[in-house]
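What follows is a short report on a single structure.
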Amino acid sequence: MSRLAKLKNNLDKYLPIYVIIAMGLGFYLGLHTNVKAHKETFHWLNVFVVIMMIYPMMINLKIAEMKMATKQWKQLSIALIMGLVLAPIIMYLLIELVGLFVPINPKLALGLLLAVVVPCSSMSIAYTGLTEGNLELATVIVAISFILAIFVVPLWLKVFATAYHVNISVWLLVITIIEVIIVPMILGLETRSVLFKKMGADGFMKIRPLFPSISLIGMYLIVFLIFMEKAKLIASKPVVVLIALIPIAFYYLIAFLLMTLTNKGIKINYEDHMAITFTAVGKNEGTAMAIAMAAGMGLMAIPPAVVPILQIPFMIGYLKMAKKIQHFFGSKEAVSQEVLNSVNEGLKASE
């Protein structure tokens, strides 16, 4: 096994440990750092790390397959309906349910709804790539989600928050699309073309493990930055944070279970399922935070700030279950492995 392959396997095998370290270190440093004084620096640092995480994945993109992905209307419809329609409805019902036992401040409730009504996270593309899902489909879903969010987010905010006048910046969504999707895509496709011309297909395959390794390192860095930036906000309101985490936790449990059973029931293949699930369930908390802060509602900004506390572990947990999910969906790779295991057991038994 090459050094690049060993690096990739190490980063993947100990992924939960590295994430916990990134969370803890980011939170600790955030408590002892004046993050607000370096707001602009952190913004561009976030942009750089997200591009660092997404760009390597884009090197493996195939234009022909992306064109095919836009024709997958069933898969696209499932992801968009779940991400932009069902998600806020599920959260609203959970808020009402939790509110029967624990009082929830109206602004906190609005923040919870905002946290799930925003478009999917660009990190969903990386998660899809790391599970060997349909990267092209995931990219198309993220792009369409951001475009539709220009109209969907204000609509949902009006429905759920008629008492508040929340302004949304259309340019914020447009710039986000350019920064985390279009730029990495252009760079990735150009890099792929150059590498194939200079190294050929065989040479490209030898360095291929490097790309997911860079993406994993980027993911650990973005986790670190998120918790560093939100540390003081989380630490200053621990009770409010705890209340906010309850419906968020139930949302991810329900969303992942619903997507898994639905896609299995309608016979979606494993690769498409991973693309649909990560993009439908994962949310862009950075956009949600920006909207909340632009509205001048500090309490409303808390739910999007604490979403990573649960979103990241849930997403990574689902990522780590990839092989089991692959078996559940009965993909060829999983079936082959099952057959191989059965043969090995038979051989051991006959010895």
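Following the order of the structure tokens, first chain is A, next is B, and so on, with residues numbered from 1 inside each chain and ligands from 1 in the order they appear.
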Those in range 57-185 of chain A with helix (DSSP H, G or I) from DSSP, as an MDAnalysis selection string
chainID A and resid 57:58 63:69 73:99 106:117 123:130 135:160 170:185
What are the closest atom pairs, with distances in Å to one decimal, for each residue of range 89-132 of chain A lying within 9 Å of range 304-310 of chain A, using only C-alpha atoms, rows by chain and rising residue number, as a Markdown table?
```
| residue | atom | partner | partner_atom | distance |
| --- | --- | --- | --- | --- |
| A:Gly111 | CA | A:Pro304 | CA | 6.8 |
| A:Leu112 | CA | A:Pro304 | CA | 7.1 |
| A:Leu114 | CA | A:Pro304 | CA | 7.5 |
| A:Ala115 | CA | A:Pro304 | CA | 4.9 |
| A:Val116 | CA | A:Pro304 | CA | 8.4 |
```
Between A:Pro56, A:Ile234, A:Lys320, A:His43, which one has atoms that come closest to Pro209 in chain A, using only C-alpha atoms?
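Ranked by minimum distance to Pro209 in chain A, first place goes to A:Pro56.
For the pair CA of Leu319 in chain A and CA of Glu271 in chain A, the separation is 12.5 Å.
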Gap from CA of Ile125 in chain A to CA of Phe196 in chain A - Å, one decimal
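So the answer is 22.9 Å.
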Set out as JSON lines a contact list for range 197-252 of chain A and range 31-40 of chain A with a cut-off of 9 Å, giving each residue of range 197-252 of chain A that qualifies its closest atom pair and distance in Å to one decimal, counting only C-alpha atoms, ordered by chain and rising residue number.
```
{"residue": "A:Met228", "atom": "CA", "partner": "A:Leu31", "partner_atom": "CA", "distance": 7.5}
{"residue": "A:Glu229", "atom": "CA", "partner": "A:Val35", "partner_atom": "CA", "distance": 6.2}
{"residue": "A:Lys230", "atom": "CA", "partner": "A:Val35", "partner_atom": "CA", "distance": 8.9}
{"residue": "A:Ala231", "atom": "CA", "partner": "A:Leu31", "partner_atom": "CA", "distance": 5.7}
{"residue": "A:Lys232", "atom": "CA", "partner": "A:Leu31", "partner_atom": "CA", "distance": 5.5}
{"residue": "A:Ala235", "atom": "CA", "partner": "A:Leu31", "partner_atom": "CA", "distance": 8.1}
```
Next, the residues of the selection above should be written as an mmCIF file, in the first residue's frame with C-alpha atoms.
```
data_model
loop_
_atom_site.group_PDB
_atom_site.id
_atom_site.type_symbol
_atom_site.label_atom_id
_atom_site.label_comp_id
_atom_site.auth_asym_id
_atom_site.auth_seq_id
_atom_site.Cartn_x
_atom_site.Cartn_y
_atom_site.Cartn_z
ATOM 1 C CA MET A 228 -13.560 28.371 17.738
ATOM 2 C CA GLU A 229 -15.817 31.089 16.306
ATOM 3 C CA LYS A 230 -18.932 30.025 18.256
ATOM 4 C CA ALA A 231 -17.254 29.071 21.564
ATOM 5 C CA LYS A 232 -18.136 32.210 23.560
ATOM 6 C CA ALA A 235 -20.548 29.108 26.641
#
```
Taking only C-alpha atoms into account, which of A:Leu155, A:Met219, A:Ile207, A:Leu130 comes nearest Met52 in chain A?
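Of the candidates, the smallest distance to Met52 in chain A is held by A:Met219.
Going from CA of Lys107 in chain A to CA of Ile175 in chain A covers 26.9 Å.
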Excluding Thr128 in chain A and any residue of its chain fewer than 4 positions from it, enumerate the residues within 6 Å of it, using only C-alpha atoms, and give them as a PyMOL selection string.
chain A and resi 133+274-275
Which residues are near range 83-94 of chain A? Cut-off 8 Å, only C-alpha atoms, ignore same chain within fewer than 2 positions. Put them as a tab-separated table (two decimals) with C-alpha atoms, in the first residue's frame.
```
chain	number	residue	atom	x	y	z
A	79	ALA	CA	-33.56	15.74	-2.01
A	80	LEU	CA	-35.13	19.15	-2.68
A	81	ILE	CA	-38.50	18.30	-1.12
A	96	GLU	CA	-44.36	22.40	19.28
A	97	LEU	CA	-43.75	19.00	20.89
A	98	VAL	CA	-40.76	20.11	22.98
A	112	LEU	CA	-34.35	26.64	15.03
A	113	LEU	CA	-36.54	26.96	11.94
A	116	VAL	CA	-33.09	23.90	8.84
A	117	VAL	CA	-34.72	26.08	6.17
A	118	VAL	CA	-31.42	27.28	4.71
A	119	PRO	CA	-29.94	25.34	1.75
A	120	CYS	CA	-27.76	22.29	2.20
A	145	SER	CA	-30.78	24.19	-3.46
A	149	ALA	CA	-33.28	29.06	-1.35
A	152	VAL	CA	-37.81	29.49	-0.34
A	156	TRP	CA	-40.70	30.10	5.11
A	247	PRO	CA	-35.31	19.47	18.74
A	248	ILE	CA	-32.13	19.55	16.65
A	250	PHE	CA	-34.63	14.68	17.09
A	251	TYR	CA	-34.57	16.38	13.68
A	255	ALA	CA	-34.38	12.99	8.90
A	279	THR	CA	-27.50	17.11	0.78
A	280	ALA	CA	-31.09	16.90	2.07
A	281	VAL	CA	-30.23	16.58	5.77
```
